[in-house]
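**Q** As input, take query_15.pdb (PDB, C-alpha atoms):
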ATOM      1  CA  MET A   1     -80.946 -54.506 -38.056
ATOM      2  CA  SER A   2     -83.423 -53.405 -40.745
ATOM      3  CA  SER A   3     -82.998 -52.278 -44.334
ATOM      4  CA  ARG A   4     -83.342 -48.728 -43.045
ATOM      5  CA  GLU A   5     -80.328 -49.277 -40.816
ATOM      6  CA  ASP A   6     -78.401 -50.772 -43.749
ATOM      7  CA  GLU A   7     -79.089 -47.586 -45.685
ATOM      8  CA  ALA A   8     -78.036 -45.481 -42.689
ATOM      9  CA  LEU A   9     -74.671 -47.261 -42.563
ATOM     10  CA  ALA A  10     -74.217 -46.656 -46.289
ATOM     11  CA  ARG A  11     -75.053 -42.959 -45.908
ATOM     12  CA  ALA A  12     -72.584 -42.674 -43.022
ATOM     13  CA  ALA A  13     -69.866 -44.218 -45.180
ATOM     14  CA  VAL A  14     -70.576 -41.863 -48.085
ATOM     15  CA  THR A  15     -70.594 -38.921 -45.676
ATOM     16  CA  ALA A  16     -67.184 -40.028 -44.407
ATOM     17  CA  LEU A  17     -65.885 -40.184 -47.974
ATOM     18  CA  THR A  18     -67.230 -36.758 -48.915
ATOM     19  CA  GLY A  19     -65.891 -35.412 -45.618
ATOM     20  CA  GLN A  20     -62.436 -36.613 -46.638
ATOM     21  CA  LEU A  21     -62.859 -34.959 -50.038
ATOM     22  CA  ALA A  22     -63.825 -31.646 -48.386
ATOM     23  CA  LEU A  23     -60.551 -31.339 -46.460
ATOM     24  CA  ALA A  24     -57.931 -28.810 -47.600
ATOM     25  CA  PRO A  25     -55.083 -28.564 -48.127
ATOM     26  CA  LYS A  26     -54.527 -32.282 -48.777
ATOM     27  CA  PRO A  27     -50.981 -32.888 -50.052
ATOM     28  CA  GLY A  28     -51.119 -34.295 -53.562
ATOM     29  CA  LEU A  29     -54.834 -35.053 -53.338
ATOM     30  CA  PRO A  30     -57.934 -33.417 -54.871
ATOM     31  CA  ASP A  31     -59.584 -30.899 -52.551
ATOM     32  CA  PRO A  32     -61.995 -27.928 -52.769
ATOM     33  CA  ARG A  33     -59.239 -25.552 -53.906
ATOM     34  CA  ASP A  34     -59.286 -27.377 -57.236
ATOM     35  CA  LEU A  35     -62.693 -25.854 -57.984
ATOM     36  CA  GLY A  36     -60.914 -22.617 -58.837
ATOM     37  CA  ALA A  37     -58.588 -24.228 -61.378
ATOM     38  CA  LEU A  38     -60.005 -25.145 -64.773
ATOM     39  CA  VAL A  39     -57.580 -28.015 -65.247
ATOM     40  CA  THR A  40     -58.677 -29.878 -62.136
ATOM     41  CA  ARG A  41     -62.134 -28.593 -61.200
ATOM     42  CA  ARG A  42     -63.832 -31.370 -63.165
ATOM     43  CA  ASP A  43     -61.861 -34.045 -61.329
ATOM     44  CA  HIS A  44     -62.875 -32.873 -57.872
ATOM     45  CA  ARG A  45     -66.508 -32.308 -58.805
ATOM     46  CA  LEU A  46     -66.684 -35.747 -60.392
ATOM     47  CA  LEU A  47     -65.207 -37.313 -57.273
ATOM     48  CA  ARG A  48     -67.836 -35.641 -55.103
ATOM     49  CA  TRP A  49     -70.584 -36.712 -57.481
ATOM     50  CA  SER A  50     -69.377 -40.285 -57.966
ATOM     51  CA  ALA A  51     -69.016 -40.754 -54.197
ATOM     52  CA  LYS A  52     -72.809 -40.789 -53.982
ATOM     53  CA  SER A  53     -72.979 -43.751 -56.355
ATOM     54  CA  LEU A  54     -71.374 -45.956 -53.679
ATOM     55  CA  ALA A  55     -74.459 -45.791 -51.455
ATOM     56  CA  PRO A  56     -76.598 -48.564 -53.044
ATOM     57  CA  GLY A  57     -73.688 -50.996 -53.114
ATOM     58  CA  LEU A  58     -72.668 -50.251 -49.535
ATOM     59  CA  ALA A  59     -76.269 -50.739 -48.384
ATOM     60  CA  ALA A  60     -76.341 -54.074 -50.233
ATOM     61  CA  MET A  61     -73.136 -55.098 -48.444
ATOM     62  CA  ALA A  62     -74.662 -54.238 -45.086
ATOM     63  CA  ALA A  63     -77.778 -56.238 -45.964
ATOM     64  CA  ALA A  64     -75.683 -59.232 -47.053
ATOM     65  CA  ALA A  65     -73.801 -59.170 -43.757
ATOM     66  CA  ARG A  66     -77.032 -58.857 -41.787
ATOM     67  CA  ARG A  67     -78.536 -61.869 -43.595
ATOM     68  CA  THR A  68     -75.415 -63.998 -43.162
ATOM     69  CA  GLY A  69     -74.834 -63.081 -39.522
ATOM     70  CA  GLU A  70     -71.199 -64.294 -39.464
ATOM     71  CA  PRO A  71     -67.947 -63.342 -41.242
ATOM     72  CA  THR A  72     -68.054 -66.461 -43.425
ATOM     73  CA  PRO A  73     -66.312 -67.298 -46.710
ATOM     74  CA  GLY A  74     -69.695 -67.013 -48.393
ATOM     75  CA  LEU A  75     -70.123 -63.457 -47.118
ATOM     76  CA  ARG A  76     -66.654 -62.534 -48.399
ATOM     77  CA  THR A  77     -67.553 -63.864 -51.854
ATOM     78  CA  GLU A  78     -70.873 -61.995 -51.883
ATOM     79  CA  LEU A  79     -69.210 -58.750 -50.809
ATOM     80  CA  GLY A  80     -66.704 -59.144 -53.639
ATOM     81  CA  ALA A  81     -69.489 -59.570 -56.194
ATOM     82  CA  ILE A  82     -71.353 -56.525 -54.869
ATOM     83  CA  GLY A  83     -68.128 -54.548 -54.856
ATOM     84  CA  ARG A  84     -67.404 -55.273 -58.508
ATOM     85  CA  CYS A  85     -70.927 -54.202 -59.497
ATOM     86  CA  THR A  86     -70.496 -51.037 -57.436
ATOM     87  CA  GLU A  87     -67.170 -50.283 -59.123
ATOM     88  CA  HIS A  88     -68.986 -50.408 -62.460
ATOM     89  CA  SER A  89     -71.615 -47.943 -61.199
ATOM     90  CA  VAL A  90     -68.897 -45.627 -59.899
ATOM     91  CA  ARG A  91     -67.116 -45.677 -63.261
ATOM     92  CA  LEU A  92     -70.357 -44.671 -64.976
ATOM     93  CA  ALA A  93     -70.712 -41.800 -62.483
ATOM     94  CA  GLY A  94     -67.208 -40.471 -63.087
ATOM     95  CA  GLY A  95     -64.835 -42.949 -61.489
ATOM     96  CA  GLY A  96     -62.517 -42.951 -58.503
ATOM     97  CA  HIS A  97     -62.877 -44.301 -54.950
ATOM     98  CA  ARG A  98     -61.761 -47.874 -55.626
ATOM     99  CA  GLY A  99     -59.543 -48.014 -52.534
ATOM    100  CA  ALA A 100     -62.160 -46.302 -50.408
ATOM    101  CA  LEU A 101     -64.822 -48.740 -51.609
ATOM    102  CA  TRP A 102     -62.688 -51.700 -50.511
ATOM    103  CA  ALA A 103     -62.134 -50.285 -47.028
ATOM    104  CA  LEU A 104     -65.619 -48.871 -46.519
ATOM    105  CA  GLY A 105     -67.315 -51.997 -47.872
ATOM    106  CA  LEU A 106     -65.583 -54.259 -45.372
ATOM    107  CA  LEU A 107     -66.142 -51.844 -42.491
ATOM    108  CA  VAL A 108     -69.821 -51.319 -43.343
ATOM    109  CA  ALA A 109     -70.362 -55.083 -43.527
ATOM    110  CA  ALA A 110     -68.556 -55.558 -40.213
ATOM    111  CA  ALA A 111     -70.651 -52.839 -38.575
ATOM    112  CA  ALA A 112     -73.824 -54.507 -39.862
ATOM    113  CA  LEU A 113     -72.757 -57.849 -38.379
ATOM    114  CA  ASP A 114     -72.643 -56.348 -34.889
ATOM    115  CA  PRO A 115     -74.525 -53.049 -34.540
ATOM    116  CA  ARG A 116     -73.405 -52.753 -30.905
ATOM    117  CA  ALA A 117     -69.677 -53.009 -31.665
ATOM    118  CA  ASP A 118     -67.330 -50.066 -31.148
ATOM    119  CA  ALA A 119     -64.908 -48.828 -33.798
ATOM    120  CA  ARG A 120     -62.046 -51.176 -32.922
ATOM    121  CA  ASP A 121     -64.306 -54.210 -32.724
ATOM    122  CA  VAL A 122     -65.677 -53.338 -36.159
ATOM    123  CA  ALA A 123     -62.115 -53.227 -37.530
ATOM    124  CA  ALA A 124     -61.421 -56.616 -35.933
ATOM    125  CA  THR A 125     -64.549 -58.110 -37.537
ATOM    126  CA  ALA A 126     -63.548 -56.646 -40.909
ATOM    127  CA  LYS A 127     -60.227 -58.462 -40.488
ATOM    128  CA  ARG A 128     -62.091 -61.749 -40.059
ATOM    129  CA  ILE A 129     -64.079 -61.133 -43.251
ATOM    130  CA  ALA A 130     -60.987 -60.162 -45.241
ATOM    131  CA  ALA A 131     -59.146 -63.289 -44.097
ATOM    132  CA  HIS A 132     -61.306 -65.368 -46.479
ATOM    133  CA  PRO A 133     -60.390 -65.499 -50.186
ATOM    134  CA  ASP A 134     -62.827 -64.204 -52.753
ATOM    135  CA  LYS A 135     -63.230 -67.325 -54.888
ATOM    136  CA  ARG A 136     -65.015 -65.449 -57.679
ATOM    137  CA  ALA A 137     -62.499 -62.620 -57.987
ATOM    138  CA  PRO A 138     -60.967 -62.135 -61.460
ATOM    139  CA  ARG A 139     -57.708 -64.031 -61.890
ATOM    140  CA  ARG A 140     -55.902 -61.165 -63.607
ATOM    141  CA  PRO A 141     -53.670 -59.178 -61.231
ATOM    142  CA  SER A 142     -54.586 -55.583 -60.448
ATOM    143  CA  ARG A 143     -52.080 -52.741 -60.511
ATOM    144  CA  GLY A 144     -52.114 -52.658 -56.726
ATOM    145  CA  SER A 145     -51.487 -56.387 -56.361
ATOM    146  CA  SER A 146     -48.667 -56.236 -58.926
ATOM    147  CA  VAL A 147     -46.995 -53.377 -57.061
ATOM    148  CA  SER A 148     -47.483 -55.198 -53.750
ATOM    149  CA  ALA A 149     -45.777 -58.281 -55.146
ATOM    150  CA  LYS A 150     -42.921 -56.268 -56.646
ATOM    151  CA  TYR A 151     -42.082 -54.267 -53.527
ATOM    152  CA  GLY A 152     -43.411 -56.487 -50.747
ATOM    153  CA  ALA A 153     -45.973 -53.876 -49.674
ATOM    154  CA  ALA A 154     -49.061 -54.966 -47.773
ATOM    155  CA  GLY A 155     -51.423 -53.169 -50.118
ATOM    156  CA  ALA A 156     -55.156 -52.785 -49.575
ATOM    157  CA  ARG A 157     -55.725 -56.489 -48.953
ATOM    158  CA  GLY A 158     -52.876 -56.679 -46.465
ATOM    159  CA  GLU A 159     -54.199 -53.640 -44.640
ATOM    160  CA  ALA A 160     -57.617 -55.275 -44.281
ATOM    161  CA  ARG A 161     -56.211 -58.651 -43.266
ATOM    162  CA  ALA A 162     -54.197 -56.907 -40.540
ATOM    163  CA  GLY A 163     -57.364 -55.325 -39.127
ATOM    164  CA  PHE A 164     -56.857 -51.886 -40.706
ATOM    165  CA  PRO A 165     -53.938 -50.710 -38.520
ATOM    166  CA  HIS A 166     -53.720 -47.368 -40.315
ATOM    167  CA  VAL A 167     -57.425 -46.741 -39.828
ATOM    168  CA  ARG A 168     -56.888 -47.317 -36.112
ATOM    169  CA  ARG A 169     -53.875 -44.998 -36.103
ATOM    170  CA  ALA A 170     -55.971 -42.332 -37.792
ATOM    171  CA  LEU A 171     -58.631 -42.719 -35.088
ATOM    172  CA  ASP A 172     -55.965 -42.256 -32.404
ATOM    173  CA  ALA A 173     -54.659 -39.163 -34.199
ATOM    174  CA  LEU A 174     -58.162 -37.690 -34.341
ATOM    175  CA  THR A 175     -58.560 -38.190 -30.600
ATOM    176  CA  ARG A 176     -55.174 -36.629 -29.788
ATOM    177  CA  ALA A 177     -55.649 -33.600 -32.013
ATOM    178  CA  ARG A 178     -59.153 -32.879 -30.741
ATOM    179  CA  ALA A 179     -57.962 -33.192 -27.135
ATOM    180  CA  ALA A 180     -55.163 -30.711 -27.891
ATOM    181  CA  GLY A 181     -57.676 -28.124 -29.095
ATOM    182  CA  ALA A 182     -57.307 -28.479 -32.859
ATOM    183  CA  THR A 183     -60.270 -27.715 -35.087
ATOM    184  CA  GLU A 184     -62.099 -30.633 -36.696
ATOM    185  CA  GLU A 185     -60.481 -29.932 -40.059
ATOM    186  CA  GLN A 186     -57.022 -29.741 -38.477
ATOM    187  CA  SER A 187     -57.679 -32.957 -36.561
ATOM    188  CA  ARG A 188     -58.682 -34.763 -39.759
ATOM    189  CA  LEU A 189     -55.639 -33.444 -41.618
ATOM    190  CA  ASP A 190     -53.396 -34.663 -38.790
ATOM    191  CA  ALA A 191     -55.078 -38.065 -39.074
ATOM    192  CA  LEU A 192     -54.410 -38.105 -42.839
ATOM    193  CA  LEU A 193     -50.755 -37.207 -42.291
ATOM    194  CA  THR A 194     -50.450 -39.908 -39.638
ATOM    195  CA  VAL A 195     -51.530 -42.478 -42.221
ATOM    196  CA  MET A 196     -49.244 -40.976 -44.884
ATOM    197  CA  SER A 197     -46.245 -41.078 -42.566
ATOM    198  CA  THR A 198     -46.106 -44.892 -42.435
ATOM    199  CA  LEU A 199     -48.428 -46.387 -45.079
ATOM    200  CA  GLN A 200     -46.772 -48.314 -47.911
ATOM    201  CA  ASP A 201     -49.063 -46.688 -50.438
ATOM    202  CA  THR A 202     -49.088 -48.815 -53.594
ATOM    203  CA  GLU A 203     -50.245 -45.833 -55.688
ATOM    204  CA  LEU A 204     -47.146 -43.909 -54.628
ATOM    205  CA  LEU A 205     -44.929 -46.941 -55.169
ATOM    206  CA  TYR A 206     -46.305 -47.217 -58.704
ATOM    207  CA  THR A 207     -45.817 -43.557 -59.609
ATOM    208  CA  ALA A 208     -42.794 -42.593 -57.502
ATOM    209  CA  GLY A 209     -41.053 -45.814 -56.491
ATOM    210  CA  PRO A 210     -39.616 -46.614 -53.049
ATOM    211  CA  LEU A 211     -37.555 -43.413 -52.858
ATOM    212  CA  GLY A 212     -40.606 -41.313 -53.656
ATOM    213  CA  LEU A 213     -42.676 -43.149 -51.066
ATOM    214  CA  ARG A 214     -40.053 -42.482 -48.389
ATOM    215  CA  HIS A 215     -39.930 -38.833 -49.453
ATOM    216  CA  VAL A 216     -43.684 -38.486 -48.920
ATOM    217  CA  GLN A 217     -43.572 -40.332 -45.595
ATOM    218  CA  ALA A 218     -40.768 -38.061 -44.371
ATOM    219  CA  GLY A 219     -42.709 -34.965 -45.427
ATOM    220  CA  ALA A 220     -45.797 -36.105 -43.513
ATOM    221  CA  ARG A 221     -43.693 -36.820 -40.412
ATOM    222  CA  GLU A 222     -42.169 -33.352 -40.665
ATOM    223  CA  VAL A 223     -45.611 -31.768 -40.372
ATOM    224  CA  LEU A 224     -46.519 -33.898 -37.367
ATOM    225  CA  GLU A 225     -43.163 -33.357 -35.649
ATOM    226  CA  ALA A 226     -43.618 -29.606 -36.081
ATOM    227  CA  GLY A 227     -46.717 -29.864 -33.898
ATOM    228  CA  GLY A 228     -49.365 -30.778 -36.447
ATOM    229  CA  THR A 229     -51.491 -28.608 -38.686
ATOM    230  CA  ALA A 230     -52.848 -26.561 -35.754
ATOM    231  CA  THR A 231     -49.420 -24.941 -35.225
ATOM    232  CA  GLU A 232     -47.837 -22.274 -37.408
ATOM    233  CA  ALA A 233     -44.750 -24.412 -38.051
ATOM    234  CA  GLY A 234     -46.888 -27.434 -38.879
ATOM    235  CA  ALA A 235     -49.107 -25.431 -41.229
ATOM    236  CA  ASP A 236     -46.025 -24.094 -43.032
ATOM    237  CA  ALA A 237     -44.627 -27.617 -43.373
ATOM    238  CA  LEU A 238     -47.992 -28.809 -44.724
ATOM    239  CA  SER A 239     -48.044 -26.020 -47.296
ATOM    240  CA  SER A 240     -44.539 -26.960 -48.466
ATOM    241  CA  LEU A 241     -45.433 -30.651 -48.700
ATOM    242  CA  ASP A 242     -48.614 -29.851 -50.590
ATOM    243  CA  ALA A 243     -46.786 -27.715 -53.161
ATOM    244  CA  ASP A 244     -44.070 -30.345 -53.528
ATOM    245  CA  LEU A 245     -46.461 -33.247 -54.183
ATOM    246  CA  HIS A 246     -48.609 -31.281 -56.608
ATOM    247  CA  THR A 247     -45.479 -30.265 -58.540
ATOM    248  CA  ARG A 248     -44.310 -33.865 -58.717
ATOM    249  CA  ALA A 249     -47.857 -35.154 -59.474
ATOM    250  CA  TRP A 250     -47.572 -37.696 -56.649
ATOM    251  CA  SER A 251     -50.875 -38.657 -55.062
ATOM    252  CA  PRO A 252     -51.169 -40.648 -51.786
ATOM    253  CA  ARG A 253     -54.595 -42.013 -52.686
ATOM    254  CA  GLY A 254     -54.317 -45.014 -50.402
ATOM    255  CA  SER A 255     -54.049 -42.743 -47.386
ATOM    256  CA  ALA A 256     -57.161 -40.838 -48.443
ATOM    257  CA  GLY A 257     -59.238 -44.020 -48.649
ATOM    258  CA  LEU A 258     -58.114 -45.175 -45.210
ATOM    259  CA  LEU A 259     -58.911 -41.775 -43.719
ATOM    260  CA  ALA A 260     -62.449 -42.181 -45.073
ATOM    261  CA  GLY A 261     -62.609 -45.525 -43.258
ATOM    262  CA  ALA A 262     -61.485 -43.876 -40.034
ATOM    263  CA  LEU A 263     -64.065 -41.109 -40.368
ATOM    264  CA  PHE A 264     -66.768 -43.728 -40.881
ATOM    265  CA  LEU A 265     -65.788 -45.596 -37.714
ATOM    266  CA  ASP A 266     -65.468 -42.308 -35.849
ATOM    267  CA  ALA A 267     -69.091 -41.503 -36.714
ATOM    268  CA  LEU A 268     -70.491 -44.795 -35.432
ATOM    269  CA  PRO A 269     -72.710 -44.274 -32.371
ATOM    270  CA  VAL A 270     -71.204 -45.339 -29.062
ATOM    271  CA  ARG A 271     -73.617 -47.766 -27.430
ATOM    272  CA  ALA A 272     -73.571 -49.162 -23.930
ATOM    273  CA  PRO A 273     -73.092 -52.944 -23.797
ATOM    274  CA  ALA A 274     -76.255 -54.971 -23.441
ATOM    275  CA  ARG A 275     -77.111 -55.940 -19.853
ATOM    276  CA  ALA A 276     -77.352 -59.575 -18.949
ATOM    277  CA  ALA A 277     -80.829 -60.755 -18.251
TER     278      ALA A 277
END
Could you render the structure as structure tokens?

**A**
Amino acid sequence: MSSREDEALARAAVTALTGQLALAPKPGLPDPRDLGALVTRRDHRLLRWSAKSLAPGLAAMAAAARRTGEPTPGLRTELGAIGRCTEHSVRLAGGGHRGALWALGLLVAAAALDPRADARDVAATAKRIAAHPDKRAPRRPSRGSSVSAKYGAAGARGEARAGFPHVRRALDALTRARAAGATEEQSRLDALLTVMSTLQDTELLYTAGPLGLRHVQAGAREVLEAGGTATEAGADALSSLDADLHTRAWSPRGSAGLLAGALFLDALPVRAPARAA
């Protein structure tokens, strides 16, 4: 893999993130409808702009993985250092995307380690990277880690160390919805709702507590059980959930970041396995 391929992986990851941002309606999450509202238009535009600032860091993560060649403790430490520098760049560009950076960084590095791997193999390799501790990580607990400890939620680190199960569920949901004739936007919304229906989102636990989290999960399941966003009943249920979460100011940001990870893996080229000599 060359530096050009590292940059291509980074661009694919940013495209996945901006693709997630472009979806609407996303319950409780920023989407293009916010451009018409003065209160929130700046937030959504900043998110779209700051997403681009992830590209150099993601390319550096791919390059680090390519140089190392194995999911070693040293690679995990280097990815952590690059990630913290990238977070600083993102803050200067407007902020946001911390959860997405964690997921996309690991998946980009895993894809760089084995350019011939399919989506599920990439997730498995990311699990092997995440299994190592980041020895240079700040000792102070983050909000996510504090919430995880309080409620016993897996959190972003647990999701990665489990091999991104919700990213894989989102990929399955994309496949099912497309096969059933849903549009690409509807398929992606169904994938988002699939993640929301079971993810122990630490952002929601922080803002809404366990009861609020279960409320959001039940609302997402209601949309899916109604037939998904491609059906009239599912679209009505989605509209109700969207209005409810915006009224309560509850935002399932963890689900959005994992959907971006799924869209990145979904965009990876499918390659035939190498033939034995």

**Q** Restricting the calculation to only C-alpha atoms, which member of A:Arg91, A:Arg140, A:Arg188, A:Arg128 is positioned closest to Leu54 of chain A?

**A**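 The closest residue to Leu54 of chain A is A:Arg91.
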
**Q** Residues around (-40.6, -37.5, -49.3), cut-off 12 Å, counting all atoms listed in the file - what are they as a ChimeraX atom specification?

**A** /A:27-28,196-198,204-205,208-223,240-242,244-245,248,250-252

**Q** Please write the residues picked by the PyMOL selection byres ((chain A and resi 119) around 12) on this file as a PyMOL selection string.

**A** chain A and resi 107-108+110-111+114-118+120-126+163-164+167-172+261-271

**Q** To one decimal in Å, tell me the separation between atom CA of Leu104 of chain A and atom CA of Ala260 of chain A.

**A**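 Result for atom CA of Leu104 of chain A versus atom CA of Ala260 of chain A: 7.5 Å, one decimal.
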
**Q** Any chance you could work out the residue set of the PyMOL selection byres ((chain A and resi 132-138) around 8) here, as a list of chain:residue names?

**A**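 On this input, the PyMOL selection byres ((chain A and resi 132-138) around 8) captures A:Thr72, A:Pro73, A:Arg76, A:Thr77, A:Gly80, A:Ala81, A:Arg128, A:Ile129, A:Ala130, A:Ala131, A:Arg139, A:Arg140, A:Pro141.
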
**Q** Would you mind exporting the chosen residues as an mmCIF file, keeping the file's coordinate frame, restricted to C-alpha atoms?

**A**
data_model
loop_
_atom_site.group_PDB
_atom_site.id
_atom_site.type_symbol
_atom_site.label_atom_id
_atom_site.label_comp_id
_atom_site.auth_asym_id
_atom_site.auth_seq_id
_atom_site.Cartn_x
_atom_site.Cartn_y
_atom_site.Cartn_z
ATOM 1 C CA THR A 72 -68.054 -66.461 -43.425
ATOM 2 C CA PRO A 73 -66.312 -67.298 -46.710
ATOM 3 C CA ARG A 76 -66.654 -62.534 -48.399
ATOM 4 C CA THR A 77 -67.553 -63.864 -51.854
ATOM 5 C CA GLY A 80 -66.704 -59.144 -53.639
ATOM 6 C CA ALA A 81 -69.489 -59.570 -56.194
ATOM 7 C CA ARG A 128 -62.091 -61.749 -40.059
ATOM 8 C CA ILE A 129 -64.079 -61.133 -43.251
ATOM 9 C CA ALA A 130 -60.987 -60.162 -45.241
ATOM 10 C CA ALA A 131 -59.146 -63.289 -44.097
ATOM 11 C CA ARG A 139 -57.708 -64.031 -61.890
ATOM 12 C CA ARG A 140 -55.902 -61.165 -63.607
ATOM 13 C CA PRO A 141 -53.670 -59.178 -61.231
#

**Q** Choose the residue, out of A:Ala256, A:Ala235, A:Leu113, A:Ala173, that has the smallest atom-to-atom separation from Ala100 of chain A; count all atoms listed in the file.

**A**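 Answer, going by the shortest atom-to-atom distance: A:Ala256.
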
**Q** Given the choices A:Gly234, A:Pro71, A:Pro165, A:Gly144, which gets closest to Leu193 of chain A if the distance is worked out from only C-alpha atoms?

**A**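 Among A:Gly234, A:Pro71, A:Pro165, A:Gly144, it is A:Gly234 that comes nearest to Leu193 of chain A.
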
**Q** Name all residues at most 12 Å from segment 56-64 of chain A (count all atoms listed in the file; drop same-chain ones fewer than 2 positions away) and give them as a PyMOL selection string.

**A** chain A and resi 1-14+51-54+66-72+74-90+100-115

**Q** Give me the result of the PyMOL selection byres ((chain A and resi 229) around 12) on this file, residue by residue, as an MDAnalysis selection string.

**A** chainID A and resid 24:26 173 177:178 180:194 220:228 230:239 241

**Q** Which residue, A:Gly96, A:Ala55, A:Ala162, A:Ala153, has the smallest gap to Leu21 of chain A when you use all atoms listed in the file?

**A**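 Closest to Leu21 of chain A, using all atoms listed in the file: A:Gly96.
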
**Q** Go through A:Tyr206, A:Arg161, A:Leu174, A:Arg48 one by one, measure the shortest atom-to-atom distance of each to Ser146 of chain A using only C-alpha atoms, and give the residue with the smallest value.

**A** A:Tyr206

**Q** Counting all atoms listed in the file, which of A:Leu29, A:Val147, A:Val195, A:Ala16 gets nearest to Arg253 of chain A?

**A**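 Among A:Leu29, A:Val147, A:Val195, A:Ala16, it is A:Leu29 that comes nearest to Arg253 of chain A.
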